[in-house]
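Coordinates from structure-v7.txt are shown below (compact mmCIF, C-alpha atoms (C1' of nucleotides)).
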```txt
# COMPACT_ATOMS: atom_id res chain seq x y z
CA MET D 1 4.68 2.56 39.32
CA ASN D 2 5.88 -0.57 37.58
CA GLU D 3 8.84 -0.17 35.25
CA THR D 4 8.02 -2.93 32.76
CA GLY D 5 5.31 -2.87 30.16
CA TYR D 6 3.27 -0.07 28.68
CA THR D 7 0.27 1.43 30.40
CA CYS D 8 -3.04 2.04 28.67
CA GLN D 9 -2.31 5.74 28.47
CA GLN D 10 1.03 5.12 26.76
CA VAL D 11 -0.45 2.64 24.32
CA MET D 12 -3.23 5.08 23.52
CA ARG D 13 -0.70 7.85 22.84
CA ILE D 14 1.58 5.69 20.73
CA THR D 15 -1.01 3.86 18.69
CA GLY D 16 -3.80 6.43 18.63
CA LEU D 17 -6.31 3.80 19.71
CA SER D 18 -9.02 4.67 22.21
CA GLN D 19 -9.39 3.28 25.71
CA ARG D 20 -12.67 1.74 24.64
CA GLN D 21 -10.99 -0.10 21.79
CA LEU D 22 -8.24 -1.47 24.01
CA SER D 23 -10.84 -2.52 26.53
CA TYR D 24 -13.06 -4.23 23.98
CA TRP D 25 -10.13 -5.92 22.27
CA ARG D 26 -8.93 -7.21 25.63
CA LYS D 27 -12.37 -8.63 26.35
CA THR D 28 -12.78 -10.19 22.92
CA GLY D 29 -9.27 -11.62 22.77
CA LEU D 30 -7.68 -9.59 20.01
CA VAL D 31 -4.78 -8.40 22.18
CA ILE D 32 -4.60 -9.49 25.81
CA PRO D 33 -1.66 -8.16 27.85
CA LYS D 34 0.02 -10.96 29.75
CA GLN D 35 1.19 -8.73 32.56
CA ARG D 36 -1.05 -7.18 35.17
CA THR D 37 -0.11 -4.97 38.10
CA ALA D 38 -1.08 -5.91 41.65
CA GLY D 39 -4.08 -3.64 41.27
CA GLY D 40 -5.19 -5.54 38.17
CA HIS D 41 -4.10 -2.88 35.70
CA ALA D 42 -2.95 -4.00 32.26
CA ARG D 43 0.68 -3.75 31.18
CA TYR D 44 1.24 -4.26 27.46
CA SER D 45 4.48 -5.76 26.16
CA PHE D 46 6.40 -4.29 23.24
CA ALA D 47 5.14 -7.17 21.11
CA ASP D 48 1.59 -6.23 22.08
CA LEU D 49 2.37 -2.66 21.13
CA LEU D 50 3.62 -3.82 17.75
CA ILE D 51 0.47 -5.83 17.15
CA LEU D 52 -1.74 -2.92 18.19
CA LYS D 53 0.17 -0.56 15.95
CA THR D 54 -0.30 -2.96 13.06
CA ALA D 55 -4.00 -3.15 13.81
CA ARG D 56 -4.16 0.62 13.83
CA LYS D 57 -2.45 0.80 10.44
CA LEU D 58 -4.99 -1.61 9.04
CA ILE D 59 -7.89 0.36 10.51
CA ASP D 60 -6.50 3.52 8.94
CA ALA D 61 -6.36 1.67 5.64
CA GLY D 62 -10.06 0.89 5.97
CA VAL D 63 -9.80 -2.73 7.06
CA SER D 64 -12.54 -3.87 9.43
CA VAL D 65 -11.76 -5.23 12.87
CA GLN D 66 -13.22 -8.57 11.96
CA ARG D 67 -10.83 -8.96 9.06
CA ILE D 68 -8.00 -7.78 11.28
CA ARG D 69 -8.84 -10.51 13.77
CA ARG D 70 -8.41 -13.13 11.08
CA ARG D 71 -4.99 -11.84 10.10
CA ILE D 72 -3.46 -10.64 13.33
CA THR D 73 -3.43 -14.12 14.82
CA SER D 74 -0.54 -15.15 12.65
CA LEU D 75 1.48 -12.19 13.86
CA THR D 76 0.65 -13.01 17.46
CA ASP D 77 1.84 -16.55 16.88
CA PHE D 78 4.94 -15.46 15.06
CA LEU D 79 6.45 -12.86 17.37
CA PRO D 80 7.21 -15.11 20.35
CA SER D 81 9.02 -17.57 18.08
CA CYS D 82 11.04 -14.88 16.35
CA ASN D 83 14.67 -14.99 17.34
CA ILE D 84 15.53 -11.77 15.59
CA PRO D 85 15.47 -8.47 17.49
CA LEU D 86 12.11 -7.02 16.59
CA THR D 87 13.65 -3.67 15.79
CA GLU D 88 15.38 -5.23 12.79
CA LEU D 89 12.04 -6.06 11.23
CA SER D 90 9.76 -4.11 8.98
CA LEU D 91 6.13 -4.88 8.38
CA VAL D 92 3.80 -4.67 5.43
CA ALA D 93 0.16 -4.86 6.42
CA THR D 94 -2.82 -4.97 4.10
CA GLY D 95 -6.29 -6.38 4.42
CA ASP D 96 -5.21 -9.66 2.96
CA MET D 97 -1.88 -10.32 4.58
CA ILE D 98 0.87 -9.27 6.89
CA LEU D 99 4.43 -9.54 5.61
CA VAL D 100 7.50 -9.49 7.80
CA LEU D 101 10.70 -8.17 6.27
CA HIS D 102 14.08 -8.74 7.90
CA GLN D 103 16.70 -6.08 7.33
CA GLU D 104 16.55 -6.05 3.60
CA THR D 105 17.51 -9.61 2.97
CA THR D 106 14.59 -11.89 3.71
CA PHE D 107 10.88 -11.71 4.09
CA GLU D 108 8.16 -14.13 4.71
CA ALA D 109 4.42 -14.05 4.40
CA LEU D 110 2.64 -14.96 7.60
CA THR D 111 -0.34 -16.25 5.72
CA GLY D 112 -0.08 -19.61 4.07
CA GLN D 113 -0.43 -18.05 0.64
CA GLU D 114 2.55 -17.67 -1.58
CA TRP D 115 2.52 -13.95 -2.28
CA VAL D 116 6.07 -13.22 -3.28
CA TYR D 117 7.69 -14.32 -6.50
CA SER D 118 10.71 -13.24 -8.46
CA VAL D 119 10.77 -12.14 -12.05
CA ALA D 120 13.96 -14.13 -12.55
CA GLU D 121 12.00 -17.27 -11.73
CA LEU D 122 9.41 -16.35 -14.31
CA GLU D 123 12.11 -15.80 -16.86
CA ARG D 124 13.48 -19.29 -16.25
CA GLU D 125 10.02 -20.76 -16.70
CA ALA D 126 9.58 -18.77 -19.87
CA ALA D 127 12.95 -19.85 -21.26
CA THR D 128 12.19 -23.48 -20.52
CA SER D 129 8.81 -23.24 -22.15
CA ARG D 130 10.25 -21.64 -25.23
CA GLY D 131 12.57 -24.51 -25.90
CA ILE D 132 16.09 -25.39 -24.88
CA ILE D 133 17.83 -22.52 -26.58
CA GLU D 134 16.19 -19.24 -25.77
CA PRO D 135 16.38 -16.12 -27.94
CA LYS D 136 18.04 -12.94 -26.82
CA GLN D 137 15.87 -11.99 -23.85
CA GLU D 138 17.30 -8.49 -23.69
CA GLU D 139 15.26 -7.51 -26.69
CA LEU D 140 12.09 -8.41 -24.88
CA PHE D 141 12.56 -5.94 -22.07
CA THR D 142 11.07 -2.55 -22.57
CA ALA D 143 14.30 -0.67 -23.13
CA PRO D 144 14.61 1.88 -20.33
CA GLU D 145 15.77 5.48 -20.71
CA ASN D 146 16.58 7.05 -17.40
CA THR D 147 13.26 8.17 -16.07
CA HIS D 148 12.71 5.96 -13.07
CA LYS D 149 10.41 7.45 -10.48
CA ASN D 150 8.75 4.58 -8.73
CA ILE D 151 11.83 2.85 -7.43
CA ALA D 152 14.69 4.45 -5.57
CA VAL D 153 17.91 2.84 -6.63
CA ASN D 154 20.87 3.13 -4.32
CA GLN D 155 23.94 2.36 -6.31
CA MET M 1 7.81 -17.80 -37.50
CA ASN M 2 8.78 -14.61 -35.72
CA GLU M 3 11.57 -14.85 -33.17
CA THR M 4 10.48 -12.11 -30.77
CA GLY M 5 7.60 -12.23 -28.36
CA TYR M 6 5.62 -15.05 -26.87
CA THR M 7 2.84 -16.82 -28.69
CA CYS M 8 -0.53 -17.55 -27.15
CA GLN M 9 0.42 -21.17 -26.67
CA GLN M 10 3.55 -20.24 -24.78
CA VAL M 11 1.75 -17.72 -22.60
CA MET M 12 -0.91 -20.30 -21.84
CA ARG M 13 1.71 -22.84 -20.83
CA ILE M 14 3.69 -20.41 -18.68
CA THR M 15 0.83 -18.65 -16.94
CA GLY M 16 -1.79 -21.35 -16.91
CA LEU M 17 -4.36 -18.98 -18.33
CA SER M 18 -6.83 -20.17 -20.95
CA GLN M 19 -7.01 -19.02 -24.54
CA ARG M 20 -10.46 -17.64 -23.82
CA GLN M 21 -9.09 -15.51 -20.99
CA LEU M 22 -6.27 -14.11 -23.10
CA SER M 23 -8.73 -13.38 -25.86
CA TYR M 24 -11.23 -11.66 -23.59
CA TRP M 25 -8.54 -9.69 -21.80
CA ARG M 26 -7.16 -8.53 -25.13
CA LYS M 27 -10.61 -7.39 -26.20
CA THR M 28 -11.36 -5.63 -22.92
CA GLY M 29 -7.98 -3.98 -22.60
CA LEU M 30 -6.48 -5.75 -19.61
CA VAL M 31 -3.37 -6.88 -21.50
CA ILE M 32 -2.98 -5.99 -25.16
CA PRO M 33 0.17 -7.25 -26.89
CA LYS M 34 1.81 -4.48 -28.86
CA GLN M 35 3.32 -6.80 -31.43
CA ARG M 36 1.39 -8.64 -34.09
CA THR M 37 2.68 -10.94 -36.78
CA ALA M 38 1.97 -10.27 -40.42
CA GLY M 39 -0.89 -12.72 -40.16
CA GLY M 40 -2.39 -10.74 -37.28
CA HIS M 41 -1.34 -13.17 -34.56
CA ALA M 42 -0.54 -11.77 -31.13
CA ARG M 43 3.00 -11.70 -29.76
CA TYR M 44 3.25 -10.93 -26.06
CA SER M 45 6.28 -9.14 -24.62
CA PHE M 46 8.07 -10.32 -21.49
CA ALA M 47 6.47 -7.41 -19.63
CA ASP M 48 3.08 -8.64 -20.79
CA LEU M 49 4.00 -12.08 -19.57
CA LEU M 50 4.91 -10.65 -16.17
CA ILE M 51 1.61 -8.81 -15.92
CA LEU M 52 -0.33 -11.90 -16.94
CA LYS M 53 1.54 -14.02 -14.41
CA THR M 54 0.70 -11.49 -11.73
CA ALA M 55 -2.93 -11.55 -12.75
CA ARG M 56 -2.87 -15.34 -12.54
CA LYS M 57 -1.41 -15.21 -9.04
CA LEU M 58 -4.19 -12.89 -7.98
CA ILE M 59 -6.85 -15.10 -9.52
CA ASP M 60 -5.44 -18.08 -7.67
CA ALA M 61 -5.66 -16.04 -4.49
CA GLY M 62 -9.35 -15.49 -5.14
CA VAL M 63 -9.20 -11.94 -6.42
CA SER M 64 -11.81 -11.11 -9.04
CA VAL M 65 -10.84 -9.91 -12.50
CA GLN M 66 -12.57 -6.62 -11.93
CA ARG M 67 -10.44 -5.89 -8.89
CA ILE M 68 -7.37 -7.04 -10.81
CA ARG M 69 -8.17 -4.52 -13.52
CA ARG M 70 -8.09 -1.71 -10.99
CA ARG M 71 -4.69 -2.75 -9.66
CA ILE M 72 -2.87 -4.04 -12.70
CA THR M 73 -2.94 -0.66 -14.38
CA SER M 74 -0.28 0.67 -12.04
CA LEU M 75 1.99 -2.21 -12.94
CA THR M 76 1.37 -1.65 -16.63
CA ASP M 77 2.31 1.99 -16.18
CA PHE M 78 5.33 1.18 -14.08
CA LEU M 79 7.13 -1.44 -16.14
CA PRO M 80 7.98 0.71 -19.19
CA SER M 81 9.45 3.41 -16.92
CA CYS M 82 11.51 0.93 -14.93
CA ASN M 83 15.20 1.22 -15.68
CA ILE M 84 16.10 -1.85 -13.67
CA PRO M 85 16.38 -5.23 -15.38
CA LEU M 86 13.06 -6.85 -14.65
CA THR M 87 14.74 -10.04 -13.52
CA GLU M 88 16.13 -8.22 -10.50
CA LEU M 89 12.63 -7.53 -9.23
CA SER M 90 10.32 -9.50 -7.04
CA LEU M 91 6.62 -8.92 -6.76
CA VAL M 92 4.11 -9.14 -3.98
CA ALA M 93 0.56 -9.22 -5.21
CA THR M 94 -2.60 -9.11 -3.15
CA GLY M 95 -6.09 -7.91 -3.82
CA ASP M 96 -5.29 -4.53 -2.38
CA MET M 97 -1.90 -3.76 -3.83
CA ILE M 98 1.07 -4.78 -5.86
CA LEU M 99 4.50 -4.24 -4.33
CA VAL M 100 7.73 -4.22 -6.29
CA LEU M 101 10.88 -5.28 -4.48
CA HIS M 102 14.28 -4.55 -5.93
CA GLN M 103 17.14 -6.92 -5.17
CA GLU M 104 16.82 -6.89 -1.43
CA THR M 105 17.46 -3.25 -0.84
CA THR M 106 14.48 -1.19 -1.85
CA PHE M 107 10.85 -1.64 -2.51
CA GLU M 108 8.03 0.63 -3.38
CA ALA M 109 4.32 0.31 -3.34
CA LEU M 110 2.73 1.06 -6.65
CA THR M 111 -0.27 2.44 -4.88
CA GLY M 112 0.13 5.72 -3.05
CA GLN M 113 -0.49 4.09 0.32
CA GLU M 114 2.25 3.80 2.87
CA TRP M 115 2.21 0.11 3.65
CA VAL M 116 5.64 -0.53 5.05
CA TYR M 117 6.86 0.54 8.44
CA SER M 118 9.79 -0.44 10.61
CA VAL M 119 9.62 -1.74 14.13
CA ALA M 120 12.63 0.42 14.97
CA GLU M 121 10.53 3.44 14.18
CA LEU M 122 7.83 2.23 16.50
CA GLU M 123 10.40 1.71 19.23
CA ARG M 124 11.55 5.31 18.90
CA GLU M 125 7.97 6.51 19.15
CA ALA M 126 7.45 4.35 22.19
CA ALA M 127 10.62 5.56 23.86
CA THR M 128 9.68 9.16 23.27
CA SER M 129 6.22 8.61 24.64
CA ARG M 130 7.56 6.92 27.74
CA GLY M 131 9.69 9.90 28.69
CA ILE M 132 13.12 11.15 27.80
CA ILE M 133 15.05 8.31 29.43
CA GLU M 134 13.74 4.98 28.38
CA PRO M 135 13.99 1.77 30.42
CA LYS M 136 15.88 -1.27 29.27
CA GLN M 137 13.93 -2.17 26.14
CA GLU M 138 15.58 -5.55 25.86
CA GLU M 139 13.45 -6.87 28.68
CA LEU M 140 10.34 -6.03 26.76
CA PHE M 141 11.10 -8.29 23.85
CA THR M 142 9.81 -11.79 24.10
CA ALA M 143 13.12 -13.46 24.75
CA PRO M 144 13.75 -15.87 21.88
CA GLU M 145 15.13 -19.39 22.17
CA ASN M 146 16.26 -20.75 18.86
CA THR M 147 13.10 -22.01 17.28
CA HIS M 148 12.54 -19.69 14.38
CA LYS M 149 10.58 -21.18 11.56
CA ASN M 150 8.78 -18.32 9.87
CA ILE M 151 11.83 -16.38 8.80
CA ALA M 152 14.83 -17.75 6.99
CA VAL M 153 17.92 -16.02 8.30
CA ASN M 154 21.01 -16.03 6.16
CA GLN M 155 23.89 -15.16 8.39
C1' DA R 1 -2.45 -22.82 -35.34
C1' DA R 2 -4.78 -18.79 -34.13
C1' DT R 3 -8.54 -15.72 -34.19
C1' DG R 4 -13.33 -14.00 -33.78
C1' DA R 5 -18.33 -14.48 -32.96
C1' DA R 6 -22.39 -16.48 -30.58
C1' DC R 7 -24.68 -18.73 -26.92
C1' DA R 8 -25.09 -20.30 -22.14
C1' DA R 9 -23.34 -21.08 -17.52
C1' DA R 10 -20.62 -19.46 -13.70
C1' DA R 11 -18.74 -15.71 -11.02
C1' DA R 12 -18.87 -11.26 -9.32
C1' DG R 13 -20.92 -6.60 -8.40
C1' DG R 14 -24.72 -3.41 -6.79
C1' DG R 15 -28.65 -2.46 -4.00
C1' DT R 16 -31.50 -3.06 0.02
C1' DA R 17 -33.03 -4.95 4.47
C1' DT R 18 -31.68 -7.40 8.60
C1' DT R 19 -28.45 -8.96 12.09
C1' DT R 20 -24.03 -8.73 14.38
C1' DT R 21 -19.91 -6.29 15.76
C1' DT R 22 -17.66 -2.30 17.34
C1' DT R 23 -17.33 2.15 19.52
C1' DG R 24 -18.58 6.35 22.30
C1' DT R 25 -20.54 8.03 26.31
C1' DC R 26 -21.89 7.79 30.81
C1' DT R 27 -21.80 5.67 35.34
C1' DA R 28 -19.92 3.40 39.27
C1' DC R 29 -16.09 1.03 41.53
C1' DT R 30 -10.96 0.18 43.38
C1' DA K 1 -5.15 6.09 37.18
C1' DG K 2 -7.45 2.46 35.45
C1' DT K 3 -11.22 -0.78 35.07
C1' DA K 4 -15.89 -2.60 34.24
C1' DG K 5 -20.87 -2.40 32.98
C1' DA K 6 -24.97 -0.60 30.52
C1' DC K 7 -27.16 1.75 26.80
C1' DA K 8 -27.35 3.60 22.11
C1' DA K 9 -25.28 4.93 17.72
C1' DA K 10 -22.12 3.76 14.04
C1' DA K 11 -19.86 0.37 11.25
C1' DA K 12 -19.60 -4.01 9.26
C1' DA K 13 -21.25 -8.57 8.01
C1' DT K 14 -24.96 -11.46 6.07
C1' DA K 15 -28.76 -12.74 3.06
C1' DC K 16 -31.41 -11.94 -0.88
C1' DC K 17 -32.49 -10.38 -5.55
C1' DC K 18 -31.03 -8.62 -9.82
C1' DT K 19 -27.63 -6.99 -13.29
C1' DT K 20 -23.09 -7.20 -15.23
C1' DT K 21 -18.79 -9.50 -16.06
C1' DT K 22 -16.20 -13.44 -17.12
C1' DT K 23 -15.43 -18.02 -18.96
C1' DG K 24 -16.20 -22.45 -21.53
C1' DT K 25 -17.82 -24.35 -25.51
C1' DT K 26 -18.79 -24.68 -30.26
C1' DC K 27 -18.45 -23.08 -34.92
C1' DA K 28 -16.71 -20.53 -38.88
C1' DT K 29 -12.73 -18.01 -40.90
C1' DT K 30 -7.74 -16.93 -42.07
```
Now, as a test, write the supplied structure out as structure tokens.
Amino acid sequence: MNETGYTCQQVMRITGLSQRQLSYWRKTGLVIPKQRTAGGHARYSFADLLILKTARKLIDAGVSVQRIRRRITSLTDFLPSCNIPLTELSLVATGDMILVLHQETTFEALTGQEWVYSVAELEREAATSRGIIEPKQEELFTAPENTHKNIAVNQ
Amino acid sequence: MNETGYTCQQVMRITGLSQRQLSYWRKTGLVIPKQRTAGGHARYSFADLLILKTARKLIDAGVSVQRIRRRITSLTDFLPSCNIPLTELSLVATGDMILVLHQETTFEALTGQEWVYSVAELEREAATSRGIIEPKQEELFTAPENTHKNIAVNQ
DNA sequence: AATGAACAAAAAGGGTATTTTTTGTCTACT
DNA sequence: AGTAGACAAAAAATACCCTTTTTGTTCATT
């Protein structure tokens, strides 16, 4: 048995995808393992595994394979050029996009669209639009009590 | 003139939305400014501005207003209960979800879905599935040169 | 200057029928 | 074990028609 790469069985166990799906996706070019054993058996790389896992997440979220095809390409292109250990990354996958987050410091949309924007930036725009001297912005925030539940703060 | 809140003109300038859109959205409940001047003129809060900007981003991305309505509600619910200065947040908006990112440490989907997952977690799953003793995982990564372009690293 | 109402055009949603894609199952092969 | 091929069922995309939603424009009102 070869030591490198993941076998079909392993990929099936890890991702929950069926043999038929792997087979069809190989044939139609969604994920093609670069390695093959002497006997012609597929060996998936860890990057392949990551892509397949992402595809599985999208399927579970109700995204069709055809839409996945359109999006997954960018991830396939990105991974080989990524000089960060993959294990330091986190992914956000939806029907419309795949985000890559590094540690907790940077992130980048793989699609061309500009998805991420900061509220601080909006505030600057707003202040500029209001005139040179802006009023006390603090008053404009909805004054918070202490009942946060949607965001976990760690400080 | 009242000092607090943004006028229609200002909101139009900042968000790029039309007067007609603001008017219709007010009437149909998408974004209703709480404040009104004595003369009955609308004054939008900064939170309103943030919601409207998000809606604009989604429109630019080709999302229909009806889908925006379904999603924006969660943001409207969230903002008043958020005890973090809004300017410390960043947003990710797509047709399927709106993510809120805090500083660069935490983020939380406003929808119930679990969108984010770490590659490290996948690696653990993979290692477990492979057997108790895992092979040298480093070999399985696509060995990077130094040609990153999709992620901005700051170290 | 901002709002509201009325009309018409554009955009989007819902339903159905048809075509294409995807998957399961079975079979044979190495 | 793993792969490939053939057939049929399930799922998804496409096209079409029709209804609803959304937006621009114009006008009157405050």
Would you list which chain D residues are within 10 Å of chain K using all atoms listed in the file, as a VMD selection string? chain D and resid 7 to 9 19 23 39 to 42 64 to 66
Using Å and a single decimal, report how far CA of Pro85 (chain M) sits from CA of Trp25 (chain M).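 One can read the CA of Trp25 (chain M) to CA of Pro85 (chain M) distance as 26.1 Å.
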Given a cut-off of 10 Å, which residues of chain R touch chain M, counting only C-alpha atoms (C1' of nucleotides), written out as a PyMOL selection string? chain R and resi 1-4+11-13
Within 10 Å of Arg130 (chain M), counting all atoms listed in the file, which residues show up once you throw out same-chain ones fewer than 4 positions away? Write them as a ChimeraX atom specification, please. /D:6-7,9-11,13-14 /M:124-126,134-135
What is the CA of Leu58 (chain D)-CA of His102 (chain M) distance in Å, reported with one decimal?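 We find that CA of Leu58 (chain D) and CA of His102 (chain M) lie 24.6 Å from each other.
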Which polymer residues have any atom within 7 Å of an atom of Ser90 (chain D), counting all atoms listed in the file, with same-chain residues fewer than 5 positions away left out, as a PyMOL selection string? (chain D and resi 100-102) or (chain M and resi 116-119)
